[in-house]
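Peer 1: Please see the structure below; I have some questions.
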Amino acid sequence: MDFACIETWLELPEFRVSGQVIRPQELELHLERRDTYLVCPRCQGSCARIKEGRQRCIRDLPILDRPVTLRLHLGRFKCPDCHHRPWEQSETFGEHVKWTERLYHQVRQEYLHGCPCHELAGRYGLSARTVFRWTFEKSRGGRPRKLGRALGIDEYSRRKGHRYNTIIVDLDKGRPITTFKGRRVEDVVAWFKSRPQAELEGVEVVVLDMSKSFYSSIRQVFGDQVEVIDRFHVVQQAVGALDGVLRSVQKQLEPEEAKELKKLRKRWLKLPNQLEVDELIARAEWRRRFPELREVIDWVQDLRKWFERKYDKPARAALWKLIEWARESALEPLQIVAGTFSRWFEPIARYIRHRYTNGVTEGFNNKIKLIQRRAFGLRNEHNRKKRILADCARTWCSSATTLIMKWLEFGGQELSKCPDMIGQSSGHSGGSVAPLGLDQSRGVWFLVRQRSTPTHMRPGEVVEGLKEHHASPHLGAILTEARALAH
């Protein structure tokens with residue numbers, strides 16, 4: 001390849017191309033400074049004698065579909081007057097830069113427009129981690145993370161003991177917005193007050209656990225109409241009551257029977273079709289022998305069924321019945337749960353209307369633990385935040401969206417003829433996103449989402465709509481144009 005053409009394409013007037021190495025998966029260009037002398041920074045004399053040299057490796061945009069690596073050959077001169085040995089310095093690249101600015105902006109732009117990360121990494125000779133870091137780290141000019149319509153808030157431990165941080169997650173986009181030190185009311189309120197008022201007005205749902213500090217913080221900032229208690233923590237309270245009754249029953253049994261009862265602990269709340277015949281018989285026998293055990297199991301099972309309700313007013317009435325049932329029970333664990341649910345009644349009941357959970361946030365908590373173990377502890381809070389935002393901000397799509405994208409990729413063929421289109425699962429909870437569909441009215445594919453009362457849609461229903469080339473009739477306003485789905 002002609003060196004003059006390469007120099008014109010690189011647009012680096014400070015350097016000239018001295019050599020090239022063409023490999024199957026990479027193009028390596030060797031560059032040298034055009035000036036053969038250096039001005040001594042001490043005595044301002046002319047240095048023309050080179051004592052030693054070194055190379056710097058810098059990534060650049062591909063040429064002929066090959067990732068480009070620039071090898072800068074920098075020399076160390078010796079001043080004949082003051083004997084100082086200065087190194088050559090580049091005005092184009094910084095001292096610790098390992099990539100060009102145009103490569104950085106090109107990768108970020110393509111990633112934000114929907115290009116898969118692994119494809120970008122292979123095209124530009126980078127790692128997937130580098131692509132994530134360039135795109136999502138705010139310190140490198142990443143896009144600002146605004147508050148979404150639905151937020152999740154939770155705490156995580158930064159060190160053993162009572163040292164906690166707070167993480168705030170956008171549940172619609174499935175990515176963390178920020179993490180900051182502390183979990184007290186003043187810490188959370190101060191962060192939210194630092195956000196623009198327009199962003200605060202757009203928040204409609206905040207999912208949290210039964211933390212009094214988080215609840216007080218959200219109430220001060222957004223009022224008392226946006227809090228939703230996470231479904232997992234509600235069921236966890238009920239299962240805790242079941243465990244309390246089980247412990248009281250075990251104290252009445254012989255050691256061998258107590259062990260047998262403990263073995264059945266994971267099978268108490270399973271459906272009959274999920275158990276073997278012997279397990280069904282054993283569970284029925286234990287329920288017959290201990291009425292208190294039968295009562296609490298029936299109550300927990302009814303509570304789990306309550307989350308499947310679709311309408312707000314009947315669901316509220318049914319929840320009150322469950323609370324009254326537990327309150328009138330002679331079992332102390334059920335009475336304690338009844339008092340807890342009475343205090344948190346409104347945030348629990350709002351789940352039926354919004355259908356958001358904190359599953360994504362809890363998953364990020366587990367990933368944060370992995371990040372901190374991998375780093376053997378992170379003392380620098382700024383580095384901790386950068387790592388969390390870079391590693392946890394990976395894009396995801398629901399199973400319905402995956403089927404849509406695969407259907408377009410296979411040109412609208414039937415799923416039975418393309419078994420590979422099925423079986424790709426997502427990493428988020430089913431209740432954290434609204435249903436998706438397609439609209440082809442203007443010849444452009446769109447992702448559409450219902451902004452009013454969300455209802456769950458199974459992937460099979462989406463596929464049936466795709467086969468008929470129209471969206472489901474209950475889907476609402478168009479949100480985002482899916483440019484990546486057009487090809």
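By order in the structure tokens, chains are A, B, ...; within a chain, residues start at 1; ligands start at 1, following the order shown.
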Find the residues near range 147-159 of chain A: any atom within 6 Å, counting only C-alpha atoms, skip ones fewer than 5 places away on the same chain, and give them as a PDB file with N, CA and C atoms, in the first residue's frame.
Peer 2:
ATOM      1  N   TYR A 164     -22.650   1.190  53.785  1.00  0.00           N
ATOM      2  CA  TYR A 164     -23.516   0.891  52.655  1.00  0.00           C
ATOM      3  C   TYR A 164     -23.514   2.040  51.647  1.00  0.00           C
ATOM      4  N   ASN A 165     -23.751   1.667  50.409  1.00  0.00           N
ATOM      5  CA  ASN A 165     -23.963   2.616  49.316  1.00  0.00           C
ATOM      6  C   ASN A 165     -25.356   2.425  48.759  1.00  0.00           C
ATOM      7  N   THR A 166     -25.814   3.382  47.985  1.00  0.00           N
ATOM      8  CA  THR A 166     -27.131   3.335  47.358  1.00  0.00           C
ATOM      9  C   THR A 166     -26.961   3.262  45.849  1.00  0.00           C
ATOM     10  N   ILE A 167     -27.759   2.422  45.204  1.00  0.00           N
ATOM     11  CA  ILE A 167     -27.768   2.313  43.754  1.00  0.00           C
ATOM     12  C   ILE A 167     -29.165   2.617  43.255  1.00  0.00           C
ATOM     13  N   ILE A 168     -29.242   3.411  42.188  1.00  0.00           N
ATOM     14  CA  ILE A 168     -30.520   3.781  41.561  1.00  0.00           C
ATOM     15  C   ILE A 168     -30.491   3.274  40.129  1.00  0.00           C
ATOM     16  N   VAL A 169     -31.552   2.576  39.722  1.00  0.00           N
ATOM     17  CA  VAL A 169     -31.600   1.866  38.448  1.00  0.00           C
ATOM     18  C   VAL A 169     -32.802   2.334  37.646  1.00  0.00           C
ATOM     19  N   ASP A 170     -32.611   2.474  36.330  1.00  0.00           N
ATOM     20  CA  ASP A 170     -33.702   2.718  35.396  1.00  0.00           C
ATOM     21  C   ASP A 170     -34.289   1.357  35.015  1.00  0.00           C
ATOM     22  N   LEU A 171     -35.495   1.057  35.484  1.00  0.00           N
ATOM     23  CA  LEU A 171     -36.081  -0.266  35.271  1.00  0.00           C
ATOM     24  C   LEU A 171     -36.529  -0.469  33.829  1.00  0.00           C
ATOM     25  N   GLU A 199     -36.686  16.309  35.203  1.00  0.00           N
ATOM     26  CA  GLU A 199     -36.494  14.874  35.357  1.00  0.00           C
ATOM     27  C   GLU A 199     -37.303  14.345  36.536  1.00  0.00           C
ATOM     28  N   GLY A 202     -40.907  13.698  35.746  1.00  0.00           N
ATOM     29  CA  GLY A 202     -41.194  12.574  34.859  1.00  0.00           C
ATOM     30  C   GLY A 202     -41.199  11.219  35.541  1.00  0.00           C
ATOM     31  N   VAL A 203     -40.813  11.149  36.808  1.00  0.00           N
ATOM     32  CA  VAL A 203     -40.781   9.876  37.537  1.00  0.00           C
ATOM     33  C   VAL A 203     -42.190   9.529  38.001  1.00  0.00           C
ATOM     34  N   GLU A 204     -42.638   8.338  37.662  1.00  0.00           N
ATOM     35  CA  GLU A 204     -43.978   7.873  38.024  1.00  0.00           C
ATOM     36  C   GLU A 204     -43.967   6.707  38.992  1.00  0.00           C
ATOM     37  N   VAL A 205     -42.906   5.909  38.989  1.00  0.00           N
ATOM     38  CA  VAL A 205     -42.834   4.719  39.828  1.00  0.00           C
ATOM     39  C   VAL A 205     -41.433   4.634  40.429  1.00  0.00           C
ATOM     40  N   VAL A 206     -41.362   4.342  41.731  1.00  0.00           N
ATOM     41  CA  VAL A 206     -40.104   4.064  42.405  1.00  0.00           C
ATOM     42  C   VAL A 206     -40.292   2.773  43.189  1.00  0.00           C
ATOM     43  N   VAL A 207     -39.583   1.720  42.789  1.00  0.00           N
ATOM     44  CA  VAL A 207     -39.697   0.408  43.430  1.00  0.00           C
ATOM     45  C   VAL A 207     -38.610   0.300  44.498  1.00  0.00           C
ATOM     46  N   LEU A 208     -39.000  -0.110  45.695  1.00  0.00           N
ATOM     47  CA  LEU A 208     -38.070  -0.210  46.808  1.00  0.00           C
ATOM     48  C   LEU A 208     -38.474  -1.365  47.706  1.00  0.00           C
ATOM     49  N   ASN A 358     -38.140  -5.138  41.461  1.00  0.00           N
ATOM     50  CA  ASN A 358     -36.750  -4.740  41.622  1.00  0.00           C
ATOM     51  C   ASN A 358     -35.798  -5.873  41.256  1.00  0.00           C
TER      52      ASN A 358
END
Peer 1: Where in range 149-294 of chain A does DSSP assign helix (DSSP H, G or I), given as a PyMOL selection string?
Peer 2: chain A and resi 185-193+197-201+212-222+231-250+255-263+265-267+272-274+277-289+291-294
Peer 1: Any chance you could export the current selection's C-alpha atoms as a compact mmCIF listing (two decimals), in the first residue's frame?
Peer 2:
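Below is the file that was written, result-v6.txt:
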# COMPACT_ATOMS: atom_id res chain seq x y z
CA VAL A 185 -32.44 9.98 54.24
CA GLU A 186 -30.31 13.10 53.81
CA ASP A 187 -27.96 11.31 51.38
CA VAL A 188 -30.76 10.12 49.09
CA VAL A 189 -32.70 13.39 49.24
CA ALA A 190 -29.57 15.42 48.47
CA TRP A 191 -28.86 13.39 45.34
CA PHE A 192 -32.40 13.66 44.01
CA LYS A 193 -32.50 17.40 44.74
CA GLN A 197 -36.84 19.51 38.13
CA ALA A 198 -38.01 18.31 34.71
CA GLU A 199 -36.49 14.87 35.36
CA LEU A 200 -38.09 14.63 38.80
CA GLU A 201 -41.51 15.44 37.35
CA LYS A 212 -37.98 3.23 56.17
CA SER A 213 -35.11 5.49 55.15
CA PHE A 214 -35.70 4.95 51.42
CA TYR A 215 -39.46 5.38 51.84
CA SER A 216 -39.01 8.66 53.73
CA SER A 217 -36.57 9.92 51.11
CA ILE A 218 -38.84 9.12 48.17
CA ARG A 219 -41.82 10.62 49.96
CA GLN A 220 -39.99 13.89 50.56
CA VAL A 221 -38.93 14.18 46.92
CA PHE A 222 -41.85 12.69 44.93
CA ARG A 231 -42.93 -8.25 45.12
CA PHE A 232 -40.00 -10.37 46.30
CA HIS A 233 -39.82 -8.62 49.67
CA VAL A 234 -43.56 -9.03 50.22
CA VAL A 235 -43.38 -12.76 49.61
CA GLN A 236 -40.22 -12.91 51.71
CA GLN A 237 -42.17 -11.60 54.70
CA ALA A 238 -44.81 -14.31 54.20
CA VAL A 239 -42.21 -17.07 53.83
CA GLY A 240 -40.56 -15.79 57.01
CA ALA A 241 -43.85 -16.35 58.82
CA LEU A 242 -43.98 -19.88 57.41
CA ASP A 243 -40.45 -20.55 58.66
CA GLY A 244 -41.44 -19.31 62.11
CA VAL A 245 -44.37 -21.77 62.25
CA LEU A 246 -42.12 -24.56 60.98
CA ARG A 247 -39.64 -23.91 63.78
CA SER A 248 -42.38 -24.03 66.38
CA VAL A 249 -43.63 -27.32 64.93
CA GLN A 250 -40.13 -28.80 64.89
CA PRO A 255 -35.16 -35.20 66.28
CA GLU A 256 -35.68 -37.66 63.42
CA GLU A 257 -39.13 -36.32 62.57
CA ALA A 258 -37.80 -32.78 62.77
CA LYS A 259 -35.17 -33.65 60.16
CA GLU A 260 -37.82 -35.13 57.89
CA LEU A 261 -39.91 -31.98 58.23
CA LYS A 262 -36.89 -29.81 57.43
CA LYS A 263 -36.25 -31.77 54.22
CA ARG A 265 -39.11 -27.10 53.50
CA LYS A 266 -38.53 -26.31 49.79
CA ARG A 267 -41.60 -28.30 48.76
CA PRO A 272 -48.99 -30.40 43.04
CA ASN A 273 -47.81 -31.07 39.49
CA GLN A 274 -44.25 -30.14 40.55
CA VAL A 277 -46.32 -38.82 44.59
CA ASP A 278 -44.34 -39.60 47.77
CA GLU A 279 -43.79 -35.89 48.40
CA LEU A 280 -47.49 -35.15 47.93
CA ILE A 281 -48.45 -37.85 50.41
CA ALA A 282 -45.88 -36.63 52.95
CA ARG A 283 -47.02 -33.02 52.63
CA ALA A 284 -50.68 -34.00 53.05
CA GLU A 285 -49.84 -36.01 56.14
CA TRP A 286 -48.00 -33.11 57.75
CA ARG A 287 -50.88 -30.76 56.95
CA ARG A 288 -53.32 -33.19 58.56
CA ARG A 289 -51.26 -33.56 61.74
CA PRO A 291 -53.55 -27.45 61.53
CA GLU A 292 -51.35 -24.38 62.15
CA LEU A 293 -49.01 -25.55 59.42
CA ARG A 294 -51.92 -26.02 57.03
Peer 1: When you count only C-alpha atoms, which of these residues is closest to Leu303 in chain A: A:Ala338, A:Asn365, A:Ile50, A:Pro80?
Peer 2: A:Ala338
Peer 1: A:Leu103, A:Val360, A:Ile388, A:Ile297: which is nearest Gln372 in chain A, counting only C-alpha atoms?
Peer 2: A:Ile388
Peer 1: If we count only C-alpha atoms and set the cut-off at 6 Å, which residues sit around range 120-136 of chain A, ignoring sequence neighbours fewer than 2 positions away in its own chain? Please answer as a compact mmCIF listing (two decimals) with C-alpha atoms, in the first residue's frame.
Peer 2:
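So the final result, stored in selection-v3.txt, reads:
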# COMPACT_ATOMS: atom_id res chain seq x y z
CA PRO A 67 -8.16 -3.00 12.66
CA ARG A 108 -19.48 5.18 20.92
CA CYS A 117 -20.94 -4.91 21.36
CA HIS A 118 -19.21 -8.12 20.26
CA GLY A 142 -20.50 9.09 28.13
CA ALA A 390 -19.39 0.24 33.08
Peer 1: With distances taken over only C-alpha atoms, which residue among A:Leu61, A:Leu264, A:Val296, A:Cys115 lies nearest Leu331 in chain A?
Peer 2: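 Between A:Leu61, A:Leu264, A:Val296, A:Cys115, the residue approaching Leu331 in chain A most closely is A:Val296.
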Peer 1: Would you mind listing what lies within 12 Å of Glu346 in chain A as a ChimeraX atom specification, with only C-alpha atoms counted and same-chain residues fewer than 2 positions away left out?
Peer 2: /A:224-229,312-313,315-317,319-320,340-344,348-353
Peer 1: Restrict the selected residues to N, CA and C atoms and save them as a PDB file, in the first residue's frame.
Peer 2:
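Printed below is out-v1.pdb as written:
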ATOM      1  N   ASP A 224     -46.325  10.806  47.981  1.00  0.00           N
ATOM      2  CA  ASP A 224     -46.700   9.479  48.480  1.00  0.00           C
ATOM      3  C   ASP A 224     -47.500   8.676  47.468  1.00  0.00           C
ATOM      4  N   GLN A 225     -47.321   8.950  46.156  1.00  0.00           N
ATOM      5  CA  GLN A 225     -48.099   8.244  45.146  1.00  0.00           C
ATOM      6  C   GLN A 225     -47.245   7.452  44.159  1.00  0.00           C
ATOM      7  N   VAL A 226     -45.947   7.372  44.365  1.00  0.00           N
ATOM      8  CA  VAL A 226     -45.083   6.695  43.394  1.00  0.00           C
ATOM      9  C   VAL A 226     -44.418   5.455  43.977  1.00  0.00           C
ATOM     10  N   GLU A 227     -44.483   5.236  45.286  1.00  0.00           N
ATOM     11  CA  GLU A 227     -43.765   4.126  45.907  1.00  0.00           C
ATOM     12  C   GLU A 227     -44.472   2.805  45.612  1.00  0.00           C
ATOM     13  N   VAL A 228     -43.678   1.812  45.233  1.00  0.00           N
ATOM     14  CA  VAL A 228     -44.164   0.449  45.011  1.00  0.00           C
ATOM     15  C   VAL A 228     -43.216  -0.496  45.736  1.00  0.00           C
ATOM     16  N   ILE A 229     -43.775  -1.342  46.619  1.00  0.00           N
ATOM     17  CA  ILE A 229     -42.957  -2.309  47.330  1.00  0.00           C
ATOM     18  C   ILE A 229     -42.679  -3.488  46.407  1.00  0.00           C
ATOM     19  N   ASP A 312     -57.247  -3.291  39.816  1.00  0.00           N
ATOM     20  CA  ASP A 312     -56.771  -2.647  41.040  1.00  0.00           C
ATOM     21  C   ASP A 312     -57.784  -2.759  42.178  1.00  0.00           C
ATOM     22  N   LYS A 313     -59.022  -2.405  41.952  1.00  0.00           N
ATOM     23  CA  LYS A 313     -59.989  -2.361  43.048  1.00  0.00           C
ATOM     24  C   LYS A 313     -60.261  -3.738  43.641  1.00  0.00           C
ATOM     25  N   ALA A 315     -58.287  -6.237  43.625  1.00  0.00           N
ATOM     26  CA  ALA A 315     -57.049  -6.670  44.259  1.00  0.00           C
ATOM     27  C   ALA A 315     -56.880  -6.042  45.639  1.00  0.00           C
ATOM     28  N   ARG A 316     -57.249  -4.791  45.788  1.00  0.00           N
ATOM     29  CA  ARG A 316     -57.175  -4.145  47.099  1.00  0.00           C
ATOM     30  C   ARG A 316     -58.083  -4.833  48.102  1.00  0.00           C
ATOM     31  N   ALA A 317     -59.305  -5.158  47.667  1.00  0.00           N
ATOM     32  CA  ALA A 317     -60.235  -5.848  48.568  1.00  0.00           C
ATOM     33  C   ALA A 317     -59.697  -7.222  48.958  1.00  0.00           C
ATOM     34  N   LEU A 319     -56.548  -8.124  49.094  1.00  0.00           N
ATOM     35  CA  LEU A 319     -55.410  -7.953  49.995  1.00  0.00           C
ATOM     36  C   LEU A 319     -55.869  -7.664  51.414  1.00  0.00           C
ATOM     37  N   TRP A 320     -56.929  -6.853  51.558  1.00  0.00           N
ATOM     38  CA  TRP A 320     -57.467  -6.588  52.895  1.00  0.00           C
ATOM     39  C   TRP A 320     -58.001  -7.860  53.534  1.00  0.00           C
ATOM     40  N   THR A 340     -47.350  -5.683  59.459  1.00  0.00           N
ATOM     41  CA  THR A 340     -46.433  -5.125  58.462  1.00  0.00           C
ATOM     42  C   THR A 340     -47.160  -4.760  57.182  1.00  0.00           C
ATOM     43  N   PHE A 341     -48.019  -5.658  56.711  1.00  0.00           N
ATOM     44  CA  PHE A 341     -48.752  -5.383  55.471  1.00  0.00           C
ATOM     45  C   PHE A 341     -49.746  -4.245  55.652  1.00  0.00           C
ATOM     46  N   SER A 342     -50.295  -4.073  56.837  1.00  0.00           N
ATOM     47  CA  SER A 342     -51.216  -2.953  57.074  1.00  0.00           C
ATOM     48  C   SER A 342     -50.486  -1.620  56.965  1.00  0.00           C
ATOM     49  N   ARG A 343     -49.266  -1.547  57.476  1.00  0.00           N
ATOM     50  CA  ARG A 343     -48.490  -0.305  57.409  1.00  0.00           C
ATOM     51  C   ARG A 343     -48.043   0.004  55.988  1.00  0.00           C
ATOM     52  N   TRP A 344     -47.786  -1.026  55.189  1.00  0.00           N
ATOM     53  CA  TRP A 344     -47.306  -0.840  53.822  1.00  0.00           C
ATOM     54  C   TRP A 344     -48.387  -1.158  52.792  1.00  0.00           C
ATOM     55  N   ILE A 348     -47.830  -1.666  48.556  1.00  0.00           N
ATOM     56  CA  ILE A 348     -47.977  -3.048  48.084  1.00  0.00           C
ATOM     57  C   ILE A 348     -49.067  -3.138  47.029  1.00  0.00           C
ATOM     58  N   ALA A 349     -50.195  -2.470  47.277  1.00  0.00           N
ATOM     59  CA  ALA A 349     -51.326  -2.552  46.348  1.00  0.00           C
ATOM     60  C   ALA A 349     -51.022  -1.884  45.010  1.00  0.00           C
ATOM     61  N   ARG A 350     -50.103  -0.932  44.968  1.00  0.00           N
ATOM     62  CA  ARG A 350     -49.786  -0.264  43.697  1.00  0.00           C
ATOM     63  C   ARG A 350     -49.087  -1.187  42.706  1.00  0.00           C
ATOM     64  N   TYR A 351     -48.606  -2.324  43.163  1.00  0.00           N
ATOM     65  CA  TYR A 351     -47.967  -3.264  42.239  1.00  0.00           C
ATOM     66  C   TYR A 351     -48.944  -3.717  41.153  1.00  0.00           C
ATOM     67  N   ILE A 352     -50.195  -3.885  41.498  1.00  0.00           N
ATOM     68  CA  ILE A 352     -51.180  -4.371  40.535  1.00  0.00           C
ATOM     69  C   ILE A 352     -51.309  -3.392  39.371  1.00  0.00           C
ATOM     70  N   ARG A 353     -51.186  -2.100  39.637  1.00  0.00           N
ATOM     71  CA  ARG A 353     -51.351  -1.100  38.586  1.00  0.00           C
ATOM     72  C   ARG A 353     -50.085  -0.908  37.758  1.00  0.00           C
TER      73      ARG A 353
END
Peer 1: Measuring atom to atom with only C-alpha atoms, identify which of A:Arg373, A:Val300, A:Met210, A:Asp35 is nearest to Trp268 in chain A.
Peer 2: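 Smallest distance to Trp268 in chain A is found for A:Val300.
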Peer 1: Which of these residues is nearest to Cys43 in chain A, using only C-alpha atoms: A:Lys78, A:His105, A:Arg379, A:Arg374?
Peer 2: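 Answer, going by the shortest atom-to-atom distance: A:Lys78.
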Peer 1: Find the residues around range 84-90 of chain A up to 10 Å (only C-alpha atoms counted), leave out those fewer than 6 positions away in its own chain, and share them as a ChimeraX atom specification.
Peer 2: /A:14-15,33,37-43,47,49-54,72-78
Peer 1: Could you turn the residues from that selection into a file that holds C-alpha atoms, as a PDB file, in the first residue's frame?
Peer 2:
ATOM      1  CA  GLU A  14       3.479  15.392  12.719  1.00  0.00           C
ATOM      2  CA  PHE A  15       4.362  11.831  11.661  1.00  0.00           C
ATOM      3  CA  ARG A  33       8.323  12.038  13.620  1.00  0.00           C
ATOM      4  CA  TYR A  37      16.060  16.981  15.821  1.00  0.00           C
ATOM      5  CA  LEU A  38      14.665  18.086  19.170  1.00  0.00           C
ATOM      6  CA  VAL A  39      14.905  21.359  21.104  1.00  0.00           C
ATOM      7  CA  CYS A  40      16.350  20.787  24.561  1.00  0.00           C
ATOM      8  CA  PRO A  41      13.771  21.904  27.184  1.00  0.00           C
ATOM      9  CA  ARG A  42      16.580  23.011  29.554  1.00  0.00           C
ATOM     10  CA  CYS A  43      19.081  25.006  27.506  1.00  0.00           C
ATOM     11  CA  CYS A  47      19.588  17.860  19.956  1.00  0.00           C
ATOM     12  CA  ARG A  49      21.852  12.578  18.516  1.00  0.00           C
ATOM     13  CA  ILE A  50      19.519   9.735  19.472  1.00  0.00           C
ATOM     14  CA  LYS A  51      20.626   7.561  22.396  1.00  0.00           C
ATOM     15  CA  GLU A  52      17.698   5.096  22.613  1.00  0.00           C
ATOM     16  CA  GLY A  53      14.119   4.624  21.475  1.00  0.00           C
ATOM     17  CA  ARG A  54      10.776   3.137  22.447  1.00  0.00           C
ATOM     18  CA  LEU A  72       4.912   5.354  17.236  1.00  0.00           C
ATOM     19  CA  HIS A  73       8.712   5.200  17.293  1.00  0.00           C
ATOM     20  CA  LEU A  74       9.908   7.854  19.724  1.00  0.00           C
ATOM     21  CA  GLY A  75      13.576   8.547  20.349  1.00  0.00           C
ATOM     22  CA  ARG A  76      15.532   9.835  23.289  1.00  0.00           C
ATOM     23  CA  PHE A  77      18.018  12.550  22.342  1.00  0.00           C
ATOM     24  CA  LYS A  78      21.146  13.737  24.091  1.00  0.00           C
TER      25      LYS A  78
END
